[in-house]
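A.B. asks: Mind looking over this structure? Questions follow.
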Amino acid sequence: MRNRNDTIVQSQSSAAISRGHRTISITRLVATLVSCWLFASPALADGGIAGGCPTNQPCIELVAVAINGTPITPTSNVTVQPGDEIETNLFVSGWGDILGLLRGYRVDLEWISPSESGTRGAVLPLGLHEPNGDPQRAAEIDTARADYVFFGKAASVQVGSAAPSVLPYRFDVGLVDSLDRVADDGVPRYAGTFRLVASAFACGEFAYNDASTRVFTGEVTPLLTTVAGFVPLRIGIGGGECDCNANGTDDFEEIASDTVTDCNSNGVPDGCEPDCQSNGIADECDILDGTSIDCDSDLIPDECESQTDCNNNAIRDECEVVGPGANDCNGNGVPDDCDGGSDCNGNGLLDSCDIAEDTSIDCQSNGVPDECDIASGTSTDNDSNGVPDECETYCALSACGPGSCISLKAVAINGNPIAPTNNVTVARGDIVEAELWLSCWGADIGLLRGYQAILEGHDAVVSGDAGLVLPVGWDAPLQLIPCNSMPDCPFGTTCSAGQCKGPNHLPSLGAFIDMTRADYVLRDIDPLPIIGTTTLHYFIGGVARDFTGATDDGQPKYGGTLLLSVSDDACGTFTFDFVTMSMFAESEFFSLNTGFSVVPGTQPLFIQTLDCDCNNNGVLDDEELATGAASDCNENGIPDSCDIASGTSPDTDGNGTPDDCFIAIPTVSEWGLAVLAILLLVAAKLRFGFFEVRRSTRA
């Protein structure tokens, strides 16, 4: 039985053969050799590899160098057998006298007509002889060869092919440096490889010739063309005779005389073709006549192939997985209901098919649809967008949500690093080191060329229940805090003109930008850092002075450091956020060259302190209340003495106990009304009793 691929190739060429083996058009091989403007350097050309090139003329040769992987003496005339693979090489030579130095070349190879130029069958590019073959396998340029024309030089190499057309193969090589060019030393140089396969039952001579547009251009005659000579390749198959049954009579004569049959009219006697059932009819004809079924279109009758039926549905597995309505969504050759795969989302498709057909996404490539990972708890989806969190960028998961963002995160307490956090618990007197992080600006402004972060200073420092959290060195005038007297003003400030005011501050002690950090957002693009304050806000920013910008890679970038001091009487939660919209100033990202800016979202820093000692006696309020050392008669979690001192509860009698802890004592007027009510009630009772006595006596 002959090779299965041979039968396929024979079928591919049968239509052309049926039109008459002598009417097939003789084909062309077009090769173009291009060089560039190089200094003249005379060279000798003593003929090509096969000796067919003329002397001192540009020439291209296509010569056979191996058969079925076995090297042969390079030749322009080779004899092979049906099914053989022929490796051919392109060689170039003789450009020196006409073109000077070679800078580049291009060879276009046409194979359609040459492949059918023999008596029967075809000589096809490697790969195309297979079902749904890929002709890309046929061509390459081996730049590592020592005889490669541009060996060791910085050449730009391209080998392209297309579907069968006029010029399906193109070999392009051009030097990048026009001064790095090649002299013609008289030795033919390798330029490319082209592999061919002779089909089953091929016979006759296949001639790759007729190169009608061979062109060189060069430095001696710049921008002009020179036609190159061409040495054709001739491939003789089976000694040129067509006698597949080796009976000494030409196959075509036997067919013409009806000595043998040729049911598919391909010029091959049926007795030479595969007949897997041994019924005297070529398999292809059994299939064409409907006598046999070929569900997978491999030109082999189904009855001659495997008859597996894994799901017992009376359809051969190989047939069930091909054609319209194929039961093989993942293309693995196994019917889906025999795959043993899961359908985690219950949509009737195997998980692997959901993923292959993009009806489900598998962002982690773990073979499970994302919705199933989320449903099972294997993956989290905190933003409920149907995408596992591990597959999303920082931008998608940040508290700012989609879009640009400024975060303030605590990174150290009293100089000791901690895991970056937006929620930190500290003790009184602690120094909190916080960093400014910038992220996710790309979709809004493209490249970041500047930023400005403005802290809500006056609101943040007094946002807790008691005390302050101030930037180090910033005893700031806390304006907009009204006051009537000194006790109304915090942290050593004074009451002046109805507002709390304090001394000037030293912002350089509390804020800085470390531009040497590898994660600094404007690193290596000549930034100008900005640190400043007003009585209301704290400014941190930077500008790219050279008009370049920072790319958003989806990860937060460092933008500055702020040191915050927790006062000795601080208590509660202090919230440090940024000004996002203001009539006068706002936090923003911007591009210098366009002037375009955007107000980012913010992720504030929350500083919590549990050290609440309202009476400053060195004992925490919670401890005092728990031990009974302090009373809390109104049960508000604050010692009574602090309620009175702060004015939360009055103490009108000065006994140290909030008035709201006592039951109200009626006033004189209230007593009078009460006494009168009692007297009236007694009189009524006495009157009622008198009448009852008289009634009983009469009775």
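Naming works like this for the structure tokens: A, B, ... for the chains as they're shown, residue 1 at the start of each chain, ligands 1 onward in shown order.
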Can you pull out every residue within 12 Å of segment 338-343 of chain A, counting only C-alpha atoms, but drop anything in the same chain fewer than 2 positions away, and send it as a PyMOL selection string?
C.D. replies: chain A and resi 308-313+317+320-321+327-336+345-355+360+367-369+371-372
A.B. asks: So that I can check the surroundings of segment 122-125 of chain A, please list as a ChimeraX atom specification every protein, DNA and RNA residue that reaches within 6 Å of it, counting only C-alpha atoms and ignoring chain neighbours fewer than 3 positions away.
C.D. replies: /A:115-116,128,138,195-199
A.B. asks: Taking only C-alpha atoms into account, which of A:Cys242, A:Val107, A:Ile418, A:Cys612 comes nearest Glu61 of chain A?
C.D. replies: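 Residue with the minimum atom-to-atom distance to Glu61 of chain A: A:Val107.
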A.B. asks: Nearest to Asp243 of chain A among A:Val159, A:Cys500, A:Ala202, A:Ala228, with distances taken over only C-alpha atoms: which residue is it?
C.D. replies: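 Under the stated criterion, the closest residue is A:Ala202.
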A.B. asks: Using only C-alpha atoms, which residues sit within 12 Å of Cys391 of chain A once same-chain residues fewer than 6 positions away are excluded, as a PyMOL selection string?
C.D. replies: chain A and resi 361-366+370+373-374+379-381+385+397
A.B. asks: Find the distance between atom CA of Val78 of chain A and atom CA of Ala66 of chain A and write it in Å to one decimal.
C.D. replies: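 Calculated distance between atom CA of Val78 of chain A and atom CA of Ala66 of chain A is 9.7 Å.
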A.B. asks: Go through segment 45-137 of chain A and collect every residue that DSSP, computed from the backbone, puts in helix (DSSP H, G or I); the answer should be as a list of chain:residue names.
C.D. replies: A:Gly96, A:Asp97, A:Ile98, A:Leu99, A:Pro114, A:Ser115, A:Glu116, A:Pro135, A:Gln136, A:Arg137
A.B. asks: Based on the selection just made, write N, CA and C atoms of those residues as a PDB file, in the first residue's frame.
C.D. replies:
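Now in out-v3.pdb:
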```pdb
ATOM      1  N   GLY A  96      30.118  41.529  -9.679  1.00  0.00           N
ATOM      2  CA  GLY A  96      31.163  42.539  -9.495  1.00  0.00           C
ATOM      3  C   GLY A  96      31.398  43.471 -10.663  1.00  0.00           C
ATOM      4  N   ASP A  97      31.605  42.930 -11.869  1.00  0.00           N
ATOM      5  CA  ASP A  97      31.955  43.793 -13.002  1.00  0.00           C
ATOM      6  C   ASP A  97      30.867  44.796 -13.331  1.00  0.00           C
ATOM      7  N   ILE A  98      29.634  44.435 -13.104  1.00  0.00           N
ATOM      8  CA  ILE A  98      28.532  45.306 -13.501  1.00  0.00           C
ATOM      9  C   ILE A  98      28.057  46.185 -12.348  1.00  0.00           C
ATOM     10  N   LEU A  99      28.012  45.626 -11.142  1.00  0.00           N
ATOM     11  CA  LEU A  99      27.396  46.349 -10.029  1.00  0.00           C
ATOM     12  C   LEU A  99      28.378  46.830  -8.974  1.00  0.00           C
ATOM     13  N   PRO A 114       5.690  25.458 -12.511  1.00  0.00           N
ATOM     14  CA  PRO A 114       6.778  24.475 -12.505  1.00  0.00           C
ATOM     15  C   PRO A 114       6.406  23.202 -11.773  1.00  0.00           C
ATOM     16  N   SER A 115       5.584  23.311 -10.732  1.00  0.00           N
ATOM     17  CA  SER A 115       5.255  22.117  -9.957  1.00  0.00           C
ATOM     18  C   SER A 115       4.438  21.129 -10.763  1.00  0.00           C
ATOM     19  N   GLU A 116       3.805  21.572 -11.871  1.00  0.00           N
ATOM     20  CA  GLU A 116       2.965  20.697 -12.686  1.00  0.00           C
ATOM     21  C   GLU A 116       3.513  20.521 -14.099  1.00  0.00           C
ATOM     22  N   PRO A 135       2.878  26.094   3.401  1.00  0.00           N
ATOM     23  CA  PRO A 135       4.034  26.249   2.514  1.00  0.00           C
ATOM     24  C   PRO A 135       5.175  27.042   3.133  1.00  0.00           C
ATOM     25  N   GLN A 136       4.951  27.650   4.292  1.00  0.00           N
ATOM     26  CA  GLN A 136       6.036  28.367   4.960  1.00  0.00           C
ATOM     27  C   GLN A 136       7.209  27.446   5.272  1.00  0.00           C
ATOM     28  N   ARG A 137       6.937  26.139   5.412  1.00  0.00           N
ATOM     29  CA  ARG A 137       8.002  25.192   5.741  1.00  0.00           C
ATOM     30  C   ARG A 137       9.004  25.043   4.605  1.00  0.00           C
TER      31      ARG A 137
END
```
A.B. asks: Write out as a ChimeraX atom specification all residues of segment 209-391 of chain A that DSSP puts in strand (DSSP E or B) for this structure's backbone.
C.D. replies: /A:215-216,226-227,229-231,233-237
A.B. asks: How would the residues just picked look written out with N, CA and C atoms as a short mmCIF file (atom, residue, chain, number, x, y, z; two decimals), in the first residue's frame?
C.D. replies:
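Final file, selection.cif:
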```
data_model
loop_
_atom_site.label_atom_id
_atom_site.label_comp_id
_atom_site.auth_asym_id
_atom_site.auth_seq_id
_atom_site.Cartn_x
_atom_site.Cartn_y
_atom_site.Cartn_z
N VAL A 215 16.71 40.68 -11.97
CA VAL A 215 17.19 42.07 -11.96
C VAL A 215 18.25 42.26 -10.88
N PHE A 216 19.34 42.99 -11.21
CA PHE A 216 20.31 43.49 -10.25
C PHE A 216 20.30 45.02 -10.33
N THR A 226 19.79 45.78 -14.00
CA THR A 226 20.57 44.88 -14.84
C THR A 226 19.94 43.51 -14.77
N VAL A 227 19.61 42.92 -15.93
CA VAL A 227 19.00 41.60 -15.95
C VAL A 227 20.06 40.55 -15.68
N GLY A 229 21.43 36.57 -15.38
CA GLY A 229 21.23 35.27 -16.00
C GLY A 229 20.65 34.30 -14.99
N PHE A 230 20.11 33.20 -15.49
CA PHE A 230 19.51 32.21 -14.60
C PHE A 230 19.80 30.81 -15.11
N VAL A 231 20.20 29.93 -14.18
CA VAL A 231 20.43 28.52 -14.51
C VAL A 231 19.24 27.74 -13.97
N LEU A 233 16.57 24.66 -12.89
CA LEU A 233 16.64 23.37 -12.22
C LEU A 233 15.68 22.42 -12.93
N ARG A 234 16.20 21.25 -13.29
CA ARG A 234 15.36 20.24 -13.92
C ARG A 234 15.32 19.00 -13.04
N ILE A 235 14.11 18.55 -12.77
CA ILE A 235 13.90 17.40 -11.89
C ILE A 235 13.27 16.29 -12.71
N GLY A 236 14.03 15.22 -12.94
CA GLY A 236 13.50 14.07 -13.66
C GLY A 236 13.02 13.03 -12.67
N ILE A 237 11.83 12.49 -12.90
CA ILE A 237 11.24 11.53 -11.95
C ILE A 237 11.04 10.19 -12.64
#
```
A.B. asks: Need the shell around Ala434 of chain A: protein/DNA/RNA residues with any atom at most 7 Å away, counting only C-alpha atoms. Skip same-chain ones fewer than 3 positions apart. Format as an MDAnalysis selection string?
C.D. replies: chainID A and resid 408:411 561:563
A.B. asks: Dump C-alpha atoms for the selected residues as a PDB file, in the first residue's frame?
C.D. replies:
```pdb
ATOM      1  CA  LEU A 408      -1.178  58.337  51.790  1.00  0.00           C
ATOM      2  CA  LYS A 409       0.123  55.230  53.544  1.00  0.00           C
ATOM      3  CA  ALA A 410       1.862  54.790  56.887  1.00  0.00           C
ATOM      4  CA  VAL A 411       5.175  52.965  56.357  1.00  0.00           C
ATOM      5  CA  THR A 561       7.226  61.567  52.511  1.00  0.00           C
ATOM      6  CA  LEU A 562       5.337  63.235  55.383  1.00  0.00           C
ATOM      7  CA  LEU A 563       6.232  62.863  59.081  1.00  0.00           C
TER       8      LEU A 563
END
```
A.B. asks: Neighbouring residues of Ile530 of chain A were defined as those with any atom within 7 Å, considering only C-alpha atoms; residues of the same chain fewer than 2 positions away were excluded. Please report them as a ChimeraX atom specification.
C.D. replies: /A:528,532,540-542
A.B. asks: Which of these residues is nearest to Ser113 of chain A, using only C-alpha atoms: A:Ala207, A:Ile406, A:Ile255, A:Val173?
C.D. replies: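 Answer, going by the shortest atom-to-atom distance: A:Ala207.
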A.B. asks: Give me the residues within 10 Å of Ile49 of chain A as a list in words, counting only C-alpha atoms and dropping any in the same chain fewer than 2 places off.
C.D. replies: Asp46, Gly47, Gly51, Gly52, Cys53, Glu61, Leu62, Val63, Thr73, Pro74, Thr75, Ser76, Asn89, Leu90, Phe91, Val92, Ser93, Val187, Pro188, Arg189 and Tyr190 of chain A
A.B. asks: Could those selected residues go to a file with C-alpha atoms, as a PDB file, in the first residue's frame?
C.D. replies:
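out_7.pdb, freshly written:
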```
ATOM      1  CA  ASP A  46      34.099  31.458 -13.084  1.00  0.00           C
ATOM      2  CA  GLY A  47      30.686  29.872 -13.171  1.00  0.00           C
ATOM      3  CA  GLY A  51      28.890  25.332 -13.719  1.00  0.00           C
ATOM      4  CA  GLY A  52      25.970  26.774 -15.635  1.00  0.00           C
ATOM      5  CA  CYS A  53      26.480  30.504 -15.004  1.00  0.00           C
ATOM      6  CA  GLU A  61      21.233  29.321  -9.813  1.00  0.00           C
ATOM      7  CA  LEU A  62      18.679  26.992  -8.250  1.00  0.00           C
ATOM      8  CA  VAL A  63      20.467  23.698  -7.668  1.00  0.00           C
ATOM      9  CA  THR A  73      26.755  16.841  -5.485  1.00  0.00           C
ATOM     10  CA  PRO A  74      25.054  20.169  -6.265  1.00  0.00           C
ATOM     11  CA  THR A  75      23.404  19.878  -9.639  1.00  0.00           C
ATOM     12  CA  SER A  76      20.934  21.613 -11.895  1.00  0.00           C
ATOM     13  CA  ASN A  89      19.731  26.104  -2.763  1.00  0.00           C
ATOM     14  CA  LEU A  90      19.846  29.498  -4.391  1.00  0.00           C
ATOM     15  CA  PHE A  91      23.319  30.749  -5.301  1.00  0.00           C
ATOM     16  CA  VAL A  92      24.273  34.219  -6.540  1.00  0.00           C
ATOM     17  CA  SER A  93      27.441  35.156  -8.390  1.00  0.00           C
ATOM     18  CA  VAL A 187      32.825  32.165  -5.840  1.00  0.00           C
ATOM     19  CA  PRO A 188      29.063  31.580  -5.956  1.00  0.00           C
ATOM     20  CA  ARG A 189      27.490  32.523  -2.623  1.00  0.00           C
ATOM     21  CA  TYR A 190      24.563  30.901  -0.817  1.00  0.00           C
TER      22      TYR A 190
END
```
